[in-house]
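Below is one structure, written out as structure tokens, with a few remarks after it.
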Amino acid sequence: MTVTRAVVRGVGHYLPARVVPNSAFEESLDTSDEWIRARTGIERRHFAAEGEQTSDLGAAAARAALADAGMEGAELDVVLVATSTPDLTFPSTATKIQADIGMTNGFAFDLQAVCAGFVYALANANAMILSGQARRVMVIGAETFSRILDFEDRGTCVLFGDGAGAVVLEAADGAGDAEDRGILSTDLHSDGRFRDLLYVDGGVSSTGTVGHLRMEGREVFRHAVEKLAATAHCALDKAGLSAGDVDWIVPHQANLRIIRATASRMQVPMERVIVTVQDHGNTSAASIPLALSVGKAAGDIKTGDVIVTEAIGGGLAWGAVVLRW
């Protein structure tokens with residue numbers, strides 16, 4: 001039986017030029033490079049330049065993904081941007097990127113699920129392709145979290161960075177089994193009872209301000225390890241696969257301790273986990289596509305590899321996607 005699959009045709013990423021090492025925080029905060037590395041695995045991150053917006057990062061990543069796919073922007077049906085740091089309240093950042101890459105047909109919109117945003121966006125793009133609503137979808141994760149950080153809070157401001165990653169998905173025929181290329185399964189969850197564990201203390205209808213990121217780090221860690229392993233196993237079950245079939249876990253790059261603990265629960269060795277958190281920090285919705293792009297560029301991710309992506313963010317919202325590259 002022939003089925004439709006959403007297959008990755010191209011991937012790309014972009015990082016702002018400004019690199020911020022851990023030592024940059026030592027003068028203003030009671031912290032150190034050693035403290036940050038030991039607790040998070042982060043060594044450096046990138047911050048957007050003055051005037052550099054989320055759409056600029058996203059458009060650069062999109063152009064890189066199009067080049068990798070051998071496509072033009074005009075060939076796309078949808079641009080879907082996962083972001084919690086849009087250029088404006090409205091219109092969507094996606095419509096700005098749509099114009100920047102020369103796409104004049106189809107439609108563009110933003111999706112907001114914080115650090116789980118890219119996983120949610122992949123699931124939505126997959127649904128549009130499987131339903132026949134679209135054939136080619138650009139999925140972008142782009143963030144400028146440096147704009148919502150409280151630089152007096154050492155528990156949060158050292159964790160995050162700016163960046164963007166993008167993938168081009170295209171409809172293709174498959175046999176309907178786990179040997180198909182493309183997205184094989186998705187698994188999404190949220191639980192609003194835990195919304196106060198990770199949030200921004202501002203908004204249009206509440207304070208009328210942008211606000212700053214706030215987080216209960218220990219509680220987020222506890223939920224992350226449990227929920228990420230569970231959703232990854234659920235997605236693998238849906239795909240008819242097991243942890244032994246996984247070539248690469250490409251996790252949300254939030255904290256090296258979370259990444260290691262989740263891999264251990266999944267019984268997947270760290271040698272099969274793509275890790276970029278040391279170089280980029282937590283780039284929220286951008287972290288998974290950025291890591292996919294880095295992994296492919298390094299020659300690690302190859303055609304036919306089974307990949308599990310999983311993420312958790314404010315909401316709490318979490319989920320996983322299983323795909324064959």
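All residue names refer to the structure tokens as shown: chains lettered A, B, ... in order, residues numbered from 1 in each chain, ligands numbered from 1 in order.
Counting only C-alpha atoms, Leu149 of chain A has the following residues at most 12 Å away, ignoring those fewer than 5 positions along the same chain: Phe47, Thr85, Thr144, Arg154, Gly155, Thr156, Cys157, Val158, Leu159, Phe160, Gly161, Asp162, Tyr199, Val200, Asp201, Gly202, Val210, Gly211, His212, Leu213, Arg214 and Met215 of chain A.
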Those residues with C-alpha atoms, as a PDB file, in the first residue's frame please?
```
ATOM      1  CA  PHE A  47      23.471  36.829  20.864  1.00  0.00           C
ATOM      2  CA  THR A  85      10.244  35.772  20.369  1.00  0.00           C
ATOM      3  CA  THR A 144      16.157  35.859  20.032  1.00  0.00           C
ATOM      4  CA  ARG A 154      22.107  33.848  37.083  1.00  0.00           C
ATOM      5  CA  GLY A 155      19.718  30.887  37.120  1.00  0.00           C
ATOM      6  CA  THR A 156      18.335  31.766  33.681  1.00  0.00           C
ATOM      7  CA  CYS A 157      20.406  34.336  31.788  1.00  0.00           C
ATOM      8  CA  VAL A 158      23.427  32.027  31.387  1.00  0.00           C
ATOM      9  CA  LEU A 159      21.312  29.287  29.794  1.00  0.00           C
ATOM     10  CA  PHE A 160      19.931  30.800  26.621  1.00  0.00           C
ATOM     11  CA  GLY A 161      21.179  31.933  23.234  1.00  0.00           C
ATOM     12  CA  ASP A 162      19.897  33.138  19.867  1.00  0.00           C
ATOM     13  CA  TYR A 199       7.070  31.427  31.745  1.00  0.00           C
ATOM     14  CA  VAL A 200       7.626  35.084  30.806  1.00  0.00           C
ATOM     15  CA  ASP A 201       6.222  37.616  33.285  1.00  0.00           C
ATOM     16  CA  GLY A 202       4.798  39.937  30.645  1.00  0.00           C
ATOM     17  CA  VAL A 210       7.549  42.105  26.986  1.00  0.00           C
ATOM     18  CA  GLY A 211       8.611  40.774  30.392  1.00  0.00           C
ATOM     19  CA  HIS A 212      11.439  38.454  31.392  1.00  0.00           C
ATOM     20  CA  LEU A 213      11.861  34.698  31.434  1.00  0.00           C
ATOM     21  CA  ARG A 214      11.241  33.013  34.800  1.00  0.00           C
ATOM     22  CA  MET A 215      11.925  29.369  35.628  1.00  0.00           C
TER      23      MET A 215
END
```
Using only C-alpha atoms, which residues of segment 48-164 of chain A come within 12 Å of segment 2-8 of chain A, and what is the closest atom pair for each, with the distance in Å to one decimal? Give it as a Markdown table, sorted by chain and residue number.
```
| residue | atom | partner | partner_atom | distance |
| --- | --- | --- | --- | --- |
| A:Ala65 | CA | A:Val8 | CA | 10.0 |
| A:Leu66 | CA | A:Val8 | CA | 11.2 |
| A:Asp68 | CA | A:Val8 | CA | 10.4 |
| A:Ala69 | CA | A:Val8 | CA | 8.6 |
| A:Leu122 | CA | A:Ala6 | CA | 9.4 |
| A:Ala123 | CA | A:Ala6 | CA | 10.0 |
| A:Asn124 | CA | A:Ala6 | CA | 10.9 |
| A:Ala125 | CA | A:Ala6 | CA | 8.1 |
| A:Asn126 | CA | A:Ala6 | CA | 5.8 |
| A:Ala127 | CA | A:Ala6 | CA | 8.8 |
| A:Met128 | CA | A:Ala6 | CA | 9.3 |
| A:Ile129 | CA | A:Ala6 | CA | 6.3 |
| A:Leu130 | CA | A:Thr4 | CA | 5.9 |
| A:Ser131 | CA | A:Thr4 | CA | 8.9 |
| A:Gly132 | CA | A:Thr4 | CA | 8.9 |
| A:Ala134 | CA | A:Ala6 | CA | 10.2 |
| A:Arg135 | CA | A:Ala6 | CA | 8.4 |
| A:Arg136 | CA | A:Ala6 | CA | 8.6 |
| A:Val137 | CA | A:Ala6 | CA | 9.0 |
| A:Met138 | CA | A:Val8 | CA | 9.8 |
| A:Val139 | CA | A:Val8 | CA | 10.2 |
```
### Query
To one decimal place, how far is atom CA of Leu169 of chain A from atom CA of Arg9 of chain A in Å?
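Answer for the atom CA of Leu169 of chain A to atom CA of Arg9 of chain A separation: 5.8 Å.
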DSSP says strand (DSSP E or B) for which residues of segment 202-306 of chain A? Put them as a PDB file with C-alpha atoms, in the first residue's frame?
```pdb
ATOM      1  CA  LEU A 213      11.861  34.698  31.434  1.00  0.00           C
ATOM      2  CA  ARG A 214      11.241  33.013  34.800  1.00  0.00           C
ATOM      3  CA  MET A 215      11.925  29.369  35.628  1.00  0.00           C
ATOM      4  CA  TRP A 248      20.552   9.367  16.441  1.00  0.00           C
ATOM      5  CA  ILE A 249      18.689  11.168  19.158  1.00  0.00           C
ATOM      6  CA  VAL A 250      18.575  14.874  18.303  1.00  0.00           C
ATOM      7  CA  PRO A 251      17.186  16.363  21.519  1.00  0.00           C
ATOM      8  CA  VAL A 273      23.186  11.666  20.588  1.00  0.00           C
ATOM      9  CA  ASN A 282      19.445  26.771  24.833  1.00  0.00           C
ATOM     10  CA  VAL A 306      16.448   6.786  12.104  1.00  0.00           C
TER      11      VAL A 306
END
```
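Between atom CA of Arg45 of chain A and atom CA of Ser32 of chain A the interatomic distance comes to 14.8 Å.
The nearest approach to Lys302 of chain A among the residues A:Trp318, A:Asp247, A:Gln98, A:Thr283, with only C-alpha atoms taken into account, belongs to A:Asp247.
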### Query
Near Asp56 of chain A, counting only C-alpha atoms, which residues have an atom at most 12 Å away, once you skip same-chain residues fewer than 2 positions from it, shown as a ChimeraX atom specification?
/A:13-16,48-54,58-63,86-87,93-94,96-101,140,142-144,162-165
Using the selection just defined, write its residues with C-alpha atoms as a compact mmCIF listing (two decimals), in the first residue's frame.
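Final output, result_9.txt:
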```txt
# COMPACT_ATOMS: atom_id res chain seq x y z
CA HIS A 13 20.93 27.03 10.23
CA TYR A 14 22.14 30.49 11.14
CA LEU A 15 23.87 31.90 14.22
CA PRO A 16 24.46 35.58 14.99
CA ALA A 48 21.77 38.77 18.08
CA ALA A 49 23.22 42.16 17.21
CA GLU A 50 21.32 45.37 17.83
CA GLY A 51 18.66 45.61 15.15
CA GLU A 52 18.98 41.94 14.21
CA GLN A 53 15.53 40.38 14.51
CA THR A 54 14.14 36.87 14.77
CA GLY A 58 14.98 32.64 10.40
CA ALA A 59 15.30 33.89 6.83
CA ALA A 60 19.04 33.13 6.80
CA ALA A 61 18.40 29.58 8.04
CA ALA A 62 15.59 29.18 5.48
CA ARG A 63 17.86 30.24 2.63
CA PRO A 86 8.50 37.18 17.28
CA ASP A 87 9.52 40.46 15.65
CA THR A 93 7.28 36.46 11.76
CA ALA A 94 6.57 33.78 9.16
CA LYS A 96 8.18 38.45 7.00
CA ILE A 97 10.35 35.44 6.19
CA GLN A 98 7.96 34.44 3.39
CA ALA A 99 8.62 37.77 1.71
CA ASP A 100 12.36 37.66 2.41
CA ILE A 101 12.81 34.31 0.64
CA ILE A 140 11.74 27.02 10.93
CA ALA A 142 14.01 30.91 15.26
CA GLU A 143 14.60 32.74 18.53
CA THR A 144 16.16 35.86 20.03
CA ASP A 162 19.90 33.14 19.87
CA GLY A 163 19.80 31.24 16.60
CA ALA A 164 17.69 29.63 13.91
CA GLY A 165 17.39 26.33 12.10
```
Compile the contact shell of Asp305 of chain A as a CSV table (one decimal) with N, CA and C atoms, in the first residue's frame: residues with an atom at most 10 Å away, counting only C-alpha atoms, same-chain residues fewer than 3 positions apart removed.
```csv
chain,number,residue,atom,x,y,z
A,181,ARG,N,11.4,6.6,4.2
A,181,ARG,CA,12.0,7.8,4.6
A,181,ARG,C,10.9,8.8,4.9
A,245,ASP,N,16.7,0.6,17.3
A,245,ASP,CA,16.7,0.9,15.9
A,245,ASP,C,17.1,2.4,15.7
A,246,VAL,N,17.3,3.1,16.8
A,246,VAL,CA,17.7,4.6,16.6
A,246,VAL,C,19.1,4.8,16.3
A,247,ASP,N,19.4,5.5,15.2
A,247,ASP,CA,20.7,5.9,14.9
A,247,ASP,C,21.2,7.2,15.6
A,248,TRP,N,20.2,8.1,15.8
A,248,TRP,CA,20.6,9.4,16.4
A,248,TRP,C,19.4,9.9,17.2
A,300,ASP,N,27.6,13.3,10.3
A,300,ASP,CA,27.1,12.2,11.2
A,300,ASP,C,25.7,11.7,10.8
A,301,ILE,N,24.8,12.6,10.5
A,301,ILE,CA,23.5,12.2,10.0
A,301,ILE,C,23.5,11.9,8.5
A,302,LYS,N,23.1,10.7,8.2
A,302,LYS,CA,23.1,10.3,6.8
A,302,LYS,C,21.8,9.8,6.3
A,308,VAL,N,15.3,10.4,16.4
A,308,VAL,CA,14.3,10.8,17.3
A,308,VAL,C,14.6,12.2,17.8
A,323,LEU,N,11.7,10.1,12.7
A,323,LEU,CA,11.8,10.2,11.2
A,323,LEU,C,13.0,9.4,10.7
A,324,ARG,N,12.9,9.0,9.4
A,324,ARG,CA,14.0,8.4,8.8
A,324,ARG,C,14.5,9.4,7.8
A,325,TRP,N,15.8,9.8,7.9
A,325,TRP,CA,16.4,10.9,7.1
A,325,TRP,C,16.5,10.5,5.7
```
### Task
Go through A:Leu76, A:Ala121, A:Ala224, A:Ala82 one by one, measure the shortest atom-to-atom distance of each to Asn105 of chain A using only C-alpha atoms, and give the residue with the smallest value.
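The answer is A:Leu76, which sits nearest to Asn105 of chain A.
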### Query
Taking the backbone alone, and naming residues the way the document does, which bits of segment 83-243 of chain A are helix (DSSP H, G or I) by DSSP, as a VMD selection string?
chain A and resid 93 to 100 114 to 131 145 to 148 154 to 157 192 to 197 217 to 239 243
### Query
For Gly244 of chain A, which residue among A:Pro269, A:Gly12, A:Gly192, A:Gly117 is the nearest when counting only C-alpha atoms?
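Among the listed residues, the smallest separation from Gly244 of chain A belongs to A:Pro269.
Note that atom CA of Thr83 of chain A and atom CA of Gly141 of chain A are 6.1 Å apart.
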### Message
as a list in words, please: the residues near Ser23 of chain A (cut-off 9 Å, only C-alpha atoms, same-chain neighbours under 6 positions excluded).
### Response
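Listed by chain and then number, they are Thr31, Ser32, Asp33, Glu43 and Arg44 of chain A.
For the choices A:Met71, A:Trp35, A:Ala230, A:Val81, the atom-to-atom distance to Gly102 of chain A is smallest for A:Met71 when using only C-alpha atoms.
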### Task
Using only C-alpha atoms, pick whichever of A:Gly217, A:Gly41, A:Gly10, A:Gly315 has the shortest atom-to-atom distance to Gly70 of chain A.
A:Gly10
### Message
I'd like the contact shell of segment 37-39 of chain A - 9 Å cut-off, only C-alpha atoms, skipping same-chain residues fewer than 3 positions apart - returned as a ChimeraX atom specification.
### Response
/A:22,32-34,42-43,255-257,278
Expected file: the selected residues, N, CA and C atoms, as a compact mmCIF listing (two decimals), in the first residue's frame:
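Okay, this is what ended up in part_0.txt:
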```
# COMPACT_ATOMS: atom_id res chain seq x y z
N ASN A 22 31.07 32.00 28.59
CA ASN A 22 30.63 32.02 29.98
C ASN A 22 31.32 33.10 30.79
N SER A 32 30.64 31.60 37.45
CA SER A 32 31.94 31.40 36.81
C SER A 32 31.77 30.44 35.64
N ASP A 33 32.75 30.42 34.77
CA ASP A 33 32.76 29.50 33.65
C ASP A 33 32.65 28.06 34.16
N GLU A 34 33.40 27.74 35.20
CA GLU A 34 33.37 26.39 35.76
C GLU A 34 31.99 26.04 36.29
N ILE A 42 27.06 24.11 29.08
CA ILE A 42 27.17 25.24 28.14
C ILE A 42 28.53 25.92 28.30
N GLU A 43 29.16 26.23 27.18
CA GLU A 43 30.45 26.94 27.19
C GLU A 43 30.34 28.33 26.57
N ASN A 255 20.13 21.44 28.37
CA ASN A 255 21.03 21.22 29.49
C ASN A 255 21.66 19.85 29.28
N LEU A 256 22.97 19.76 29.36
CA LEU A 256 23.64 18.49 29.10
C LEU A 256 23.22 17.41 30.08
N ARG A 257 22.92 17.78 31.32
CA ARG A 257 22.49 16.78 32.30
C ARG A 257 21.13 16.18 31.91
N GLN A 278 26.83 22.91 24.10
CA GLN A 278 28.06 23.54 24.56
C GLN A 278 28.40 24.79 23.74
```
